[in-house]
>>> print(open('my_file37.tsv').read())   # TSV, C-alpha atoms and all ligand atoms
chain	number	residue	atom	x	y	z
A	1023	MET	CA	-21.55	10.77	-22.56
A	1024	ALA	CA	-20.09	8.49	-25.19
A	1025	PRO	CA	-22.70	6.28	-26.82
A	1026	ILE	CA	-22.50	2.61	-25.75
A	1027	ARG	CA	-20.83	0.69	-28.49
A	1028	LYS	CA	-23.06	-1.81	-30.29
A	1029	PRO	CA	-21.06	-4.98	-29.43
A	1030	LEU	CA	-21.00	-3.93	-25.76
A	1031	LEU	CA	-24.76	-3.37	-25.81
A	1032	GLN	CA	-25.26	-6.77	-27.34
A	1033	GLY	CA	-23.09	-8.26	-24.62
A	1034	ILE	CA	-25.13	-6.62	-21.87
A	1035	VAL	CA	-28.41	-7.77	-23.39
A	1036	LEU	CA	-27.09	-11.30	-23.71
A	1037	ALA	CA	-25.85	-11.30	-20.12
A	1038	ILE	CA	-29.24	-10.12	-18.81
A	1039	ALA	CA	-31.01	-12.70	-20.93
A	1040	GLY	CA	-28.66	-15.32	-19.56
A	1041	ILE	CA	-29.41	-14.36	-15.96
A	1042	MET	CA	-33.14	-14.38	-16.66
A	1043	LEU	CA	-32.82	-17.78	-18.25
A	1044	ALA	CA	-30.97	-19.07	-15.21
A	1045	VAL	CA	-33.48	-17.62	-12.76
A	1046	TYR	CA	-36.66	-18.66	-14.55
A	1047	CYS	CA	-35.80	-21.73	-16.53
A	1048	VAL	CA	-33.69	-23.83	-14.17
A	1049	PRO	CA	-36.46	-24.25	-11.61
A	1050	ALA	CA	-38.85	-24.82	-14.49
A	1051	VAL	CA	-36.67	-27.63	-15.82
A	1052	GLN	CA	-36.46	-29.16	-12.35
A	1053	ALA	CA	-40.20	-28.88	-11.82
A	1054	ALA	CA	-40.78	-30.55	-15.15
A	1055	ASN	CA	-39.29	-33.74	-13.67
A	1056	PHE	CA	-42.53	-34.12	-11.77
A	1057	LYS	CA	-45.93	-34.54	-13.28
A	1058	LYS	CA	-48.60	-31.97	-12.53
A	1059	GLU	CA	-50.70	-34.75	-11.08
A	1060	TYR	CA	-50.08	-38.34	-10.04
A	1061	LYS	CA	-53.18	-40.46	-10.51
A	1062	LEU	CA	-54.06	-42.68	-7.57
A	1063	GLN	CA	-56.45	-45.60	-8.16
A	1064	VAL	CA	-58.93	-46.25	-5.32
A	1065	ASN	CA	-61.81	-48.71	-5.68
A	1066	VAL	CA	-64.20	-47.14	-3.17
A	1067	GLY	CA	-65.49	-43.60	-2.57
A	1068	PRO	CA	-63.97	-40.84	-0.39
A	1069	SER	CA	-66.27	-41.46	2.60
A	1070	PHE	CA	-65.17	-45.08	3.00
A	1071	TYR	CA	-62.44	-45.61	5.60
A	1072	TRP	CA	-60.07	-46.66	2.87
A	1073	GLY	CA	-61.01	-43.55	0.84
A	1074	ILE	CA	-60.26	-41.36	3.86
A	1075	GLY	CA	-56.86	-43.08	4.05
A	1076	ALA	CA	-56.19	-42.38	0.37
A	1077	ASN	CA	-56.92	-38.67	0.85
A	1078	LYS	CA	-54.61	-38.66	3.86
A	1079	PHE	CA	-51.83	-40.17	1.73
A	1080	ALA	CA	-52.28	-37.47	-0.92
A	1081	ASP	CA	-52.23	-34.71	1.73
A	1082	LEU	CA	-49.16	-36.09	3.50
A	1083	ALA	CA	-47.25	-36.59	0.24
A	1084	ARG	CA	-47.95	-32.99	-0.79
A	1085	GLU	CA	-46.90	-31.71	2.62
A	1086	LYS	CA	-43.73	-33.78	2.89
A	1087	THR	CA	-42.54	-32.86	-0.63
A	1088	ASP	CA	-43.35	-29.15	-0.25
A	1089	GLY	CA	-46.00	-29.42	-2.93
A	1090	ARG	CA	-43.79	-31.08	-5.52
A	1091	ILE	CA	-45.76	-34.35	-5.52
A	1092	ASN	CA	-49.42	-33.78	-6.17
A	1093	ILE	CA	-51.36	-37.05	-5.86
A	1094	LYS	CA	-54.97	-37.05	-6.98
A	1095	PRO	CA	-57.16	-39.94	-5.83
A	1096	TYR	CA	-59.58	-41.23	-8.47
A	1097	PHE	CA	-62.32	-42.83	-6.44
A	1098	GLY	CA	-64.76	-45.55	-7.44
A	1099	SER	CA	-62.20	-47.02	-9.88
A	1100	ALA	CA	-63.06	-44.10	-12.17
A	1101	LEU	CA	-59.88	-44.60	-14.21
A	1102	LEU	CA	-60.84	-48.22	-14.83
A	1103	LYS	CA	-64.53	-47.67	-15.57
A	1104	GLY	CA	-65.21	-49.70	-12.45
A	1105	ALA	CA	-63.04	-52.68	-13.42
A	1106	GLN	CA	-61.44	-52.95	-10.00
A	1107	LEU	CA	-59.47	-56.12	-10.79
A	1108	LYS	CA	-57.40	-54.27	-13.42
A	1109	SER	CA	-55.75	-51.90	-10.96
A	1110	ALA	CA	-52.38	-53.64	-10.61
A	1111	GLN	CA	-52.09	-54.31	-14.33
A	1112	MET	CA	-52.65	-50.63	-15.16
A	1113	VAL	CA	-50.18	-49.38	-12.56
A	1114	ALA	CA	-47.58	-51.92	-13.76
A	1115	LYS	CA	-48.04	-50.59	-17.32
A	1116	GLY	CA	-47.74	-46.99	-16.13
A	1117	VAL	CA	-51.22	-46.05	-17.38
A	1118	ILE	CA	-52.00	-45.21	-13.74
A	1119	ASP	CA	-49.23	-43.90	-11.49
A	1120	CYS	CA	-50.10	-45.42	-8.14
A	1121	ALA	CA	-52.83	-47.16	-6.15
A	1122	TYR	CA	-54.26	-47.54	-2.66
A	1123	GLU	CA	-55.73	-50.96	-3.22
A	1124	SER	CA	-57.04	-54.16	-1.72
A	1125	THR	CA	-55.10	-57.41	-1.94
A	1126	ILE	CA	-58.27	-58.82	-3.54
A	1127	ASN	CA	-58.03	-56.34	-6.41
A	1128	ILE	CA	-54.32	-57.01	-7.05
A	1129	SER	CA	-54.77	-60.79	-6.93
A	1130	PRO	CA	-55.17	-61.28	-10.72
A	1131	VAL	CA	-51.60	-59.96	-11.14
A	1132	ILE	CA	-50.24	-61.09	-7.76
A	1133	PRO	CA	-51.85	-64.48	-7.01
A	1134	GLU	CA	-49.72	-64.69	-3.85
A	1135	ALA	CA	-51.99	-62.00	-2.35
A	1136	ASN	CA	-54.70	-64.66	-2.06
A	1137	VAL	CA	-52.87	-66.00	0.98
A	1138	PHE	CA	-54.88	-63.40	2.93
A	1139	HIS	CA	-58.15	-64.68	1.46
A	1140	LEU	CA	-58.01	-68.34	2.44
A	1141	PRO	CA	-61.26	-69.03	4.30
A	1142	PHE	CA	-61.09	-69.25	8.12
A	1143	PHE	CA	-57.31	-69.16	8.05
A	1144	ILE	CA	-56.23	-65.89	9.71
A	1145	ASN	CA	-59.11	-64.74	11.94
A	1146	THR	CA	-57.36	-62.16	14.19
A	1147	PHE	CA	-55.65	-58.76	13.85
A	1148	ASP	CA	-52.65	-60.21	15.63
A	1149	ASN	CA	-52.25	-62.98	13.03
A	1150	LEU	CA	-52.72	-60.48	10.21
A	1151	ASP	CA	-50.03	-58.18	11.62
A	1152	LYS	CA	-47.63	-61.07	11.96
A	1153	MET	CA	-48.18	-62.03	8.34
A	1154	LYS	CA	-47.69	-58.47	7.07
A	1155	ALA	CA	-44.44	-58.19	9.04
A	1156	GLY	CA	-43.35	-61.72	8.23
A	1157	GLN	CA	-42.22	-63.91	5.37
A	1158	SER	CA	-45.65	-64.28	3.82
A	1159	GLY	CA	-46.12	-60.51	3.57
A	1160	GLN	CA	-42.62	-60.20	2.16
A	1161	THR	CA	-43.44	-62.81	-0.48
A	1162	VAL	CA	-46.33	-60.65	-1.70
A	1163	PHE	CA	-44.10	-57.53	-1.84
A	1164	THR	CA	-41.36	-59.43	-3.67
A	1165	ALA	CA	-43.86	-60.71	-6.24
A	1166	MET	CA	-44.97	-57.12	-6.85
A	1167	GLY	CA	-41.37	-56.06	-7.46
A	1168	LYS	CA	-41.10	-58.68	-10.19
A	1169	VAL	CA	-43.99	-57.29	-12.24
A	1170	GLY	CA	-43.06	-53.61	-12.19
A	1171	LEU	CA	-44.78	-52.50	-9.00
A	1172	LYS	CA	-43.14	-50.80	-6.02
A	1173	PRO	CA	-45.03	-51.59	-2.77
A	1174	LEU	CA	-44.74	-48.75	-0.26
A	1175	ALA	CA	-46.83	-49.67	2.77
A	1176	TRP	CA	-49.70	-51.73	4.13
A	1177	ALA	CA	-53.09	-50.32	5.00
A	1178	GLU	CA	-56.36	-52.17	5.53
A	1179	ASN	CA	-59.86	-52.86	4.35
A	1180	GLY	CA	-60.43	-55.36	7.12
A	1181	PHE	CA	-61.91	-58.65	8.17
A	1182	ARG	CA	-64.89	-59.28	5.96
A	1183	GLN	CA	-68.30	-59.86	7.50
A	1184	ILE	CA	-71.38	-61.24	5.80
A	1185	THR	CA	-74.65	-59.32	5.58
A	1186	ASN	CA	-77.99	-60.34	4.06
A	1187	SER	CA	-81.68	-59.52	3.92
A	1188	LYS	CA	-83.08	-63.00	4.65
A	1189	ARG	CA	-81.92	-64.44	7.99
A	1190	ALA	CA	-79.24	-64.48	10.66
A	1191	ILE	CA	-76.33	-66.67	9.57
A	1192	THR	CA	-74.74	-68.79	12.31
A	1193	SER	CA	-74.18	-72.12	10.52
A	1194	PRO	CA	-73.29	-73.17	6.97
A	1195	ALA	CA	-76.89	-74.38	6.44
A	1196	ASP	CA	-78.09	-70.77	6.83
A	1197	LEU	CA	-76.25	-69.85	3.63
A	1198	GLU	CA	-78.04	-72.45	1.54
A	1199	GLY	CA	-79.34	-70.89	-1.66
A	1200	LEU	CA	-78.58	-67.28	-0.72
A	1201	ARG	CA	-77.50	-65.12	-3.65
A	1202	ILE	CA	-74.33	-63.47	-2.43
A	1203	ARG	CA	-72.45	-60.77	-4.31
A	1204	VAL	CA	-68.72	-61.40	-4.28
A	1205	VAL	CA	-65.80	-59.77	-6.07
A	1206	GLY	CA	-64.73	-61.57	-9.27
A	1207	ASN	CA	-62.03	-63.68	-7.66
A	1208	PRO	CA	-62.36	-67.47	-8.12
A	1209	LEU	CA	-61.35	-68.17	-4.51
A	1210	PHE	CA	-64.44	-66.26	-3.33
A	1211	MET	CA	-66.69	-68.09	-5.80
A	1212	ASP	CA	-65.31	-71.44	-4.58
A	1213	THR	CA	-65.81	-70.56	-0.91
A	1214	PHE	CA	-69.45	-69.58	-1.28
A	1215	ARG	CA	-70.30	-72.46	-3.60
A	1216	GLN	CA	-68.77	-74.82	-1.09
A	1217	LEU	CA	-71.05	-73.33	1.57
A	1218	GLY	CA	-74.12	-73.99	-0.57
A	1219	ALA	CA	-74.73	-70.35	-1.46
A	1220	ASP	CA	-75.25	-68.95	-4.95
A	1221	PRO	CA	-72.38	-66.49	-5.42
A	1222	VAL	CA	-72.57	-63.83	-8.15
A	1223	ASN	CA	-69.50	-61.85	-9.05
A	1224	MET	CA	-69.82	-58.16	-9.64
A	1225	ASN	CA	-67.68	-55.06	-9.48
A	1226	TRP	CA	-68.21	-52.89	-6.42
A	1227	GLY	CA	-69.66	-50.09	-8.53
A	1228	ASP	CA	-72.46	-52.38	-9.76
A	1229	ALA	CA	-72.87	-54.10	-6.39
A	1230	GLN	CA	-74.30	-51.01	-4.73
A	1231	THR	CA	-77.14	-50.83	-7.27
A	1232	ALA	CA	-77.66	-54.58	-6.87
A	1233	PHE	CA	-78.19	-54.11	-3.11
A	1234	GLN	CA	-80.65	-51.30	-3.72
A	1235	GLN	CA	-82.63	-53.31	-6.23
A	1236	GLY	CA	-82.50	-56.50	-4.18
A	1237	VAL	CA	-80.86	-58.37	-7.08
A	1238	VAL	CA	-78.74	-60.16	-4.46
A	1239	ASP	CA	-79.65	-61.33	-0.95
A	1240	GLY	CA	-76.33	-60.57	0.62
A	1241	GLN	CA	-72.67	-59.60	0.34
A	1242	GLU	CA	-69.48	-59.60	2.38
A	1243	ASN	CA	-67.34	-56.58	3.32
A	1244	PRO	CA	-65.59	-55.09	6.37
A	1245	VAL	CA	-67.21	-52.50	8.64
A	1246	GLY	CA	-65.16	-49.72	7.02
A	1247	VAL	CA	-67.29	-50.34	3.92
A	1248	LEU	CA	-70.55	-51.47	5.55
A	1249	ILE	CA	-71.01	-48.31	7.59
A	1250	PRO	CA	-70.32	-45.70	4.86
A	1251	VAL	CA	-72.43	-47.61	2.32
A	1252	GLN	CA	-75.24	-47.80	4.91
A	1253	ILE	CA	-75.74	-51.49	4.43
A	1254	HIS	CA	-78.51	-51.39	7.04
A	1255	GLN	CA	-80.73	-49.85	4.37
A	1256	TYR	CA	-80.65	-53.13	2.46
A	1257	HIS	CA	-79.63	-55.93	4.81
A	1258	GLN	CA	-80.93	-56.54	8.31
A	1259	HIS	CA	-78.47	-59.27	9.31
A	1260	VAL	CA	-74.72	-59.23	9.78
A	1261	THR	CA	-72.49	-62.04	11.02
A	1262	MET	CA	-69.13	-60.97	12.43
A	1263	TRP	CA	-67.32	-64.14	11.37
A	1264	ASN	CA	-63.90	-62.70	10.40
A	1265	TYR	CA	-63.73	-65.37	7.70
A	1266	LEU	CA	-60.93	-63.67	5.80
A	1267	VAL	CA	-59.25	-60.30	5.50
A	1268	ASP	CA	-58.11	-57.91	2.81
A	1269	PRO	CA	-55.25	-55.62	3.70
A	1270	LEU	CA	-54.59	-52.72	1.34
A	1271	ILE	CA	-51.24	-52.04	-0.27
A	1272	ILE	CA	-50.10	-48.57	-1.29
A	1273	TYR	CA	-47.98	-49.02	-4.40
A	1274	TRP	CA	-46.39	-47.14	-7.27
A	1275	ASN	CA	-45.33	-47.83	-10.85
A	1276	GLN	CA	-41.80	-49.07	-10.36
A	1277	LYS	CA	-40.16	-47.41	-13.35
A	1278	GLN	CA	-41.53	-44.03	-12.39
A	1279	TRP	CA	-40.56	-44.66	-8.77
A	1280	LYS	CA	-36.94	-45.39	-9.68
A	1281	ALA	CA	-36.67	-42.08	-11.52
A	1282	PHE	CA	-37.61	-40.06	-8.42
A	1283	PRO	CA	-34.76	-38.44	-6.46
A	1284	ALA	CA	-34.00	-40.16	-3.13
A	1285	ASP	CA	-35.48	-37.39	-0.98
A	1286	ILE	CA	-38.77	-37.54	-2.89
A	1287	GLN	CA	-38.86	-41.33	-2.58
A	1288	GLN	CA	-38.31	-41.02	1.15
A	1289	ALA	CA	-41.03	-38.41	1.56
A	1290	ILE	CA	-43.61	-40.45	-0.39
A	1291	GLN	CA	-42.62	-43.61	1.46
A	1292	ASP	CA	-43.11	-41.81	4.80
A	1293	ALA	CA	-46.46	-40.45	3.65
A	1294	ALA	CA	-47.57	-43.97	2.66
A	1295	ARG	CA	-46.54	-45.49	6.01
A	1296	GLU	CA	-48.13	-42.72	8.05
A	1297	SER	CA	-51.38	-42.80	6.09
A	1298	GLY	CA	-51.38	-46.59	6.41
A	1299	ARG	CA	-51.06	-46.41	10.19
A	1300	PHE	CA	-53.91	-43.92	10.31
A	1301	GLU	CA	-56.11	-45.91	7.96
A	1302	VAL	CA	-55.56	-49.25	9.73
A	1303	ALA	CA	-56.68	-47.56	12.96
A	1304	LEU	CA	-59.85	-46.25	11.24
A	1305	CYS	CA	-60.74	-49.75	10.09
A	1306	ARG	CA	-60.11	-51.36	13.48
A	1307	ALA	CA	-61.65	-48.62	15.62
A	1308	GLY	CA	-64.07	-50.13	18.11
A	1309	LEU	CA	-63.07	-53.67	17.13
A	1310	ASP	CA	-59.83	-53.94	19.14
A	1311	GLY	CA	-60.81	-52.40	22.47
A	1312	ASP	CA	-59.44	-48.88	22.83
A	1313	LYS	CA	-56.22	-49.56	20.94
A	1314	SER	CA	-57.04	-48.05	17.55
A	1315	LEU	CA	-59.27	-45.33	19.00
A	1316	ASP	CA	-56.26	-44.23	21.09
A	1317	VAL	CA	-53.93	-44.25	18.07
A	1318	LEU	CA	-56.38	-42.00	16.23
A	1319	LYS	CA	-56.79	-39.63	19.14
A	1320	ASN	CA	-53.19	-39.46	20.34
A	1321	GLU	CA	-51.27	-39.63	17.08
A	1322	PHE	CA	-53.69	-38.05	14.64
A	1323	ASN	CA	-55.99	-35.92	16.78
A	1324	TYR	CA	-58.88	-37.68	15.04
A	1325	THR	CA	-62.24	-38.59	16.53
A	1326	MET	CA	-64.31	-41.36	14.95
A	1327	GLU	CA	-67.83	-40.50	13.95
A	1328	VAL	CA	-68.74	-44.15	14.60
A	1329	PRO	CA	-66.54	-45.28	17.51
A	1330	ASP	CA	-68.39	-48.58	17.92
A	1331	PRO	CA	-69.41	-50.19	14.62
A	1332	VAL	CA	-71.32	-53.07	16.25
A	1333	LYS	CA	-73.44	-50.74	18.38
A	1334	PHE	CA	-73.98	-48.54	15.35
A	1335	MET	CA	-75.31	-51.40	13.23
A	1336	GLU	CA	-77.55	-52.53	16.11
A	1337	SER	CA	-78.84	-48.98	16.51
A	1338	LYS	CA	-79.89	-49.15	12.85
A	1339	GLY	CA	-81.98	-52.23	13.53
A	1340	MET	CA	-79.55	-54.89	12.34
A	1341	THR	CA	-79.14	-58.21	14.14
A	1342	VAL	CA	-75.42	-58.70	14.75
A	1343	SER	CA	-74.34	-62.32	15.23
A	1344	PHE	CA	-71.02	-63.40	16.69
A	1345	LEU	CA	-69.94	-67.03	16.42
A	1346	ASN	CA	-68.64	-69.20	19.25
A	1347	ASP	CA	-65.69	-71.56	18.69
A	1348	ALA	CA	-67.88	-74.50	17.74
A	1349	GLN	CA	-69.76	-72.42	15.18
A	1350	VAL	CA	-66.51	-71.13	13.67
A	1351	LYS	CA	-65.27	-74.71	13.49
A	1352	ALA	CA	-68.39	-75.76	11.60
A	1353	PHE	CA	-67.63	-73.10	8.93
A	1354	ALA	CA	-63.94	-74.00	8.87
A	1355	ASP	CA	-64.77	-77.69	8.40
A	1356	ALA	CA	-67.29	-76.90	5.68
A	1357	THR	CA	-64.74	-74.81	3.74
A	1358	ALA	CA	-61.74	-77.12	4.34
A	1359	PRO	CA	-61.83	-78.43	0.72
A	1360	VAL	CA	-61.44	-74.84	-0.53
A	1361	LEU	CA	-58.53	-74.26	1.81
A	1362	ASP	CA	-56.89	-77.45	0.51
A	1363	LYS	CA	-57.49	-76.63	-3.14
A	1364	TRP	CA	-56.15	-73.08	-2.78
A	1365	THR	CA	-53.17	-74.19	-0.73
A	1366	GLN	CA	-52.17	-76.21	-3.80
A	1367	GLU	CA	-52.88	-73.24	-6.10
A	1368	LEU	CA	-50.78	-70.87	-4.03
A	1369	GLY	CA	-48.08	-73.39	-3.26
A	1370	THR	CA	-47.67	-75.13	0.08
A	1371	ASP	CA	-44.47	-73.11	0.63
A	1372	LEU	CA	-46.32	-69.82	0.90
A	1373	VAL	CA	-49.08	-71.24	3.09
A	1374	GLU	CA	-46.46	-72.78	5.37
A	1375	LYS	CA	-44.74	-69.39	5.59
A	1376	ALA	CA	-48.04	-67.85	6.64
A	1377	ARG	CA	-48.55	-70.53	9.29
A	1378	ALA	CA	-45.01	-69.96	10.60
A	1379	ASP	CA	-45.58	-66.19	10.70
A	1380	MET	CA	-48.78	-66.62	12.70
A	1381	ALA	CA	-47.06	-69.01	15.12
A	1382	GLN	CA	-44.38	-66.40	15.93
A	1401	LIG	O1	-65.36	-55.03	-4.00
A	1401	LIG	C1	-65.35	-55.08	-2.77
A	1401	LIG	O2	-66.11	-55.81	-2.13
A	1401	LIG	C2	-64.37	-54.23	-2.01
A	1401	LIG	C3	-64.87	-52.80	-2.01
A	1401	LIG	O3	-64.27	-54.68	-0.70
A	1401	LIG	C4	-63.04	-54.37	-2.69
A	1401	LIG	O4	-62.62	-53.52	-3.43
A	1401	LIG	C5	-62.26	-55.60	-2.46
>>> encode(input="my_file37.tsv", output="structure tokens")
Amino acid sequence: MAPIRKPLLQGIVLAIAGIMLAVYCVPAVQAANFKKEYKLQVNVGPSFYWGIGANKFADLAREKTDGRINIKPYFGSALLKGAQLKSAQMVAKGVIDCAYESTINISPVIPEANVFHLPFFINTFDNLDKMKAGQSGQTVFTAMGKVGLKPLAWAENGFRQITNSKRAITSPADLEGLRIRVVGNPLFMDTFRQLGADPVNMNWGDAQTAFQQGVVDGQENPVGVLIPVQIHQYHQHVTMWNYLVDPLIIYWNQKQWKAFPADIQQAIQDAARESGRFEVALCRAGLDGDKSLDVLKNEFNYTMEVPDPVKFMESKGMTVSFLNDAQVKAFADATAPVLDKWTQELGTDLVEKARADMAQ
């Protein structure tokens, strides 16, 4: 057999190398468009209803992108050393990729989000849903777009209820002098000062120790937080006063978002919406008749460990107070100056939009 000529041999070697390059490197180049891990900011821990929703989002995104998008939730604001109010700023900068976060925690960057936190203004799930679907919700999303954030879907923390270790609260006078932990948002400070309480602002991470040590008498949070944190260990009284609500928004750094191919954007968007629907149902389970329990069972094959939060809290020895219309009116009247002040802060336009949405 004639020996293979050197140039021919070189040609063959080059061709094989070329094929290997094509086979191994092209997918590698494509894969390199995606990060190994997308960091998701979450203020609470994984057992909180909102934390369960964040894990669901990560799972669905992985599934719907065939493993190309790997979202890792960082619970307890670990990426922010607990500074929950910095979440939106850090996602806008691209230091953090995405977030599953409360409207309260984005309010320093998106003041419009405070429209959900006006005291005794929204009060029902129906009103909240109308605002999310309406012009006021859209105003919040548009504001996010202007600061480098891409909102993907709504989820929920929920209507916030007050708990404390001293007495049942059914009138503004009952709040007199109580030291209440609130998140560091001036609207919350104003509301509790107006009610005669002594509000102290604290990050959630520090708040849990403060409850344990009795540094504060009370706090306010939705049942999706109260039950996992076992508030009954510290506070015997809860008033279900629905005084304001914090929805969650699932959002992404806009620049990074725009660089994703359309099919990836669609898959993540779908994952966000689906996880949001699931998570809203977790937070409302047992508070809206059978509606959310049915969504969980029929759409997600999910059974709640605590199907009735009120009964659960009672079973742990808490007194659960509900307010009648006259009692709610007494709180609304007492906080009316805060509503007026913050209507000016937010702009009457936005508050009017919210009123129009709720009247739909
Ligand atoms: O800090 C809170 O109270 C919490 C957990 O509800 C929020 O992150 C807004």
>>> residues_near_ligand(input="my_file37.tsv", ligand="ligand LIG 1401 (chain A)", cutoff="9 Å", atoms="only C-alpha atoms and all ligand atoms", output="number ranges by chain")
A: 1064-1066, 1106-1107, 1123-1127, 1179-1180, 1182, 1203-1206, 1224-1227, 1229, 1241-1244, 1247, 1268
>>> write_last_selection(input="my_file37.tsv", atoms="C-alpha atoms", output="PDB file, in the frame of the given file")
ATOM      1  CA  VAL A1064     -58.930 -46.250  -5.320  1.00  0.00           C
ATOM      2  CA  ASN A1065     -61.810 -48.710  -5.680  1.00  0.00           C
ATOM      3  CA  VAL A1066     -64.200 -47.140  -3.170  1.00  0.00           C
ATOM      4  CA  GLN A1106     -61.440 -52.950 -10.000  1.00  0.00           C
ATOM      5  CA  LEU A1107     -59.470 -56.120 -10.790  1.00  0.00           C
ATOM      6  CA  GLU A1123     -55.730 -50.960  -3.220  1.00  0.00           C
ATOM      7  CA  SER A1124     -57.040 -54.160  -1.720  1.00  0.00           C
ATOM      8  CA  THR A1125     -55.100 -57.410  -1.940  1.00  0.00           C
ATOM      9  CA  ILE A1126     -58.270 -58.820  -3.540  1.00  0.00           C
ATOM     10  CA  ASN A1127     -58.030 -56.340  -6.410  1.00  0.00           C
ATOM     11  CA  ASN A1179     -59.860 -52.860   4.350  1.00  0.00           C
ATOM     12  CA  GLY A1180     -60.430 -55.360   7.120  1.00  0.00           C
ATOM     13  CA  ARG A1182     -64.890 -59.280   5.960  1.00  0.00           C
ATOM     14  CA  ARG A1203     -72.450 -60.770  -4.310  1.00  0.00           C
ATOM     15  CA  VAL A1204     -68.720 -61.400  -4.280  1.00  0.00           C
ATOM     16  CA  VAL A1205     -65.800 -59.770  -6.070  1.00  0.00           C
ATOM     17  CA  GLY A1206     -64.730 -61.570  -9.270  1.00  0.00           C
ATOM     18  CA  MET A1224     -69.820 -58.160  -9.640  1.00  0.00           C
ATOM     19  CA  ASN A1225     -67.680 -55.060  -9.480  1.00  0.00           C
ATOM     20  CA  TRP A1226     -68.210 -52.890  -6.420  1.00  0.00           C
ATOM     21  CA  GLY A1227     -69.660 -50.090  -8.530  1.00  0.00           C
ATOM     22  CA  ALA A1229     -72.870 -54.100  -6.390  1.00  0.00           C
ATOM     23  CA  GLN A1241     -72.670 -59.600   0.340  1.00  0.00           C
ATOM     24  CA  GLU A1242     -69.480 -59.600   2.380  1.00  0.00           C
ATOM     25  CA  ASN A1243     -67.340 -56.580   3.320  1.00  0.00           C
ATOM     26  CA  PRO A1244     -65.590 -55.090   6.370  1.00  0.00           C
ATOM     27  CA  VAL A1247     -67.290 -50.340   3.920  1.00  0.00           C
ATOM     28  CA  ASP A1268     -58.110 -57.910   2.810  1.00  0.00           C
TER      29      ASP A1268
END
>>> closest_residue(input="my_file37.tsv", among="A:Val1113, A:Leu1200, A:Ala1358, A:Ile1286", to="Arg1084 in chain A", atoms="all atoms listed in the file")
A:Ile1286
>>> residues_around(input="my_file37.tsv", residues="Leu1315 in chain A", least_positions_apart="5", cutoff="8 Å", atoms="only C-alpha atoms", output="PyMOL selection string")
chain A and resi 1303-1304+1307-1308+1325-1326+1329
>>> closest_residue(input="my_file37.tsv", among="A:Ala1100, A:Leu1140, A:Ile1118, A:Met1262", to="Asn1207 in chain A", atoms="only C-alpha atoms")
A:Leu1140
>>> atom_distance(input="my_file37.tsv", atom1="CA of Gly1199 in chain A", atom2="CA of Met1211 in chain A")
13.6 Å
>>> closest_residue(input="my_file37.tsv", among="A:Val1137, A:Val1260, A:Ile1091, A:Asn1186", to="Glu1336 in chain A", atoms="all atoms listed in the file")
A:Val1260
>>> closest_residue(input="my_file37.tsv", among="A:Gln1230, A:Ser1297, A:Asn1264, A:Ser1193", to="Ala1348 in chain A", atoms="only C-alpha atoms")
A:Ser1193
>>> residues_around(input="my_file37.tsv", residues="Val1302 in chain A", least_positions_apart="5", cutoff="12 Å", atoms="all atoms listed in the file", output="JSON list (two decimals) with C-alpha atoms, keeping the file's coordinate frame")
[["chain", "number", "residue", "atom", "x", "y", "z"],
["A", 1071, "TYR", "CA", -62.44, -45.61, 5.60],
["A", 1072, "TRP", "CA", -60.07, -46.66, 2.87],
["A", 1073, "GLY", "CA", -61.01, -43.55, 0.84],
["A", 1074, "ILE", "CA", -60.26, -41.36, 3.86],
["A", 1075, "GLY", "CA", -56.86, -43.08, 4.05],
["A", 1076, "ALA", "CA", -56.19, -42.38, 0.37],
["A", 1147, "PHE", "CA", -55.65, -58.76, 13.85],
["A", 1150, "LEU", "CA", -52.72, -60.48, 10.21],
["A", 1151, "ASP", "CA", -50.03, -58.18, 11.62],
["A", 1175, "ALA", "CA", -46.83, -49.67, 2.77],
["A", 1176, "TRP", "CA", -49.70, -51.73, 4.13],
["A", 1177, "ALA", "CA", -53.09, -50.32, 5.00],
["A", 1178, "GLU", "CA", -56.36, -52.17, 5.53],
["A", 1179, "ASN", "CA", -59.86, -52.86, 4.35],
["A", 1180, "GLY", "CA", -60.43, -55.36, 7.12],
["A", 1181, "PHE", "CA", -61.91, -58.65, 8.17],
["A", 1246, "GLY", "CA", -65.16, -49.72, 7.02],
["A", 1268, "ASP", "CA", -58.11, -57.91, 2.81],
["A", 1269, "PRO", "CA", -55.25, -55.62, 3.70],
["A", 1270, "LEU", "CA", -54.59, -52.72, 1.34],
["A", 1271, "ILE", "CA", -51.24, -52.04, -0.27],
["A", 1294, "ALA", "CA", -47.57, -43.97, 2.66],
["A", 1295, "ARG", "CA", -46.54, -45.49, 6.01],
["A", 1296, "GLU", "CA", -48.13, -42.72, 8.05],
["A", 1297, "SER", "CA", -51.38, -42.80, 6.09],
["A", 1307, "ALA", "CA", -61.65, -48.62, 15.62],
["A", 1308, "GLY", "CA", -64.07, -50.13, 18.11],
["A", 1309, "LEU", "CA", -63.07, -53.67, 17.13],
["A", 1310, "ASP", "CA", -59.83, -53.94, 19.14],
["A", 1313, "LYS", "CA", -56.22, -49.56, 20.94],
["A", 1314, "SER", "CA", -57.04, -48.05, 17.55],
["A", 1315, "LEU", "CA", -59.27, -45.33, 19.00],
["A", 1317, "VAL", "CA", -53.93, -44.25, 18.07],
["A", 1318, "LEU", "CA", -56.38, -42.00, 16.23]]
>>> closest_residue(input="my_file37.tsv", among="A:Ala1293, A:Leu1266, A:Met1380, A:Val1360", to="His1139 in chain A", atoms="only C-alpha atoms")
A:Leu1266
>>> atom_distance(input="my_file37.tsv", atom1="CA of Lys1375 in chain A", atom2="CA of Pro1359 in chain A")
19.9 Å
>>> closest_residue(input="my_file37.tsv", among="A:Ile1202, A:Leu1197, A:Leu1174, A:Leu1102", to="Tyr1122 in chain A", atoms="only C-alpha atoms")
A:Leu1174
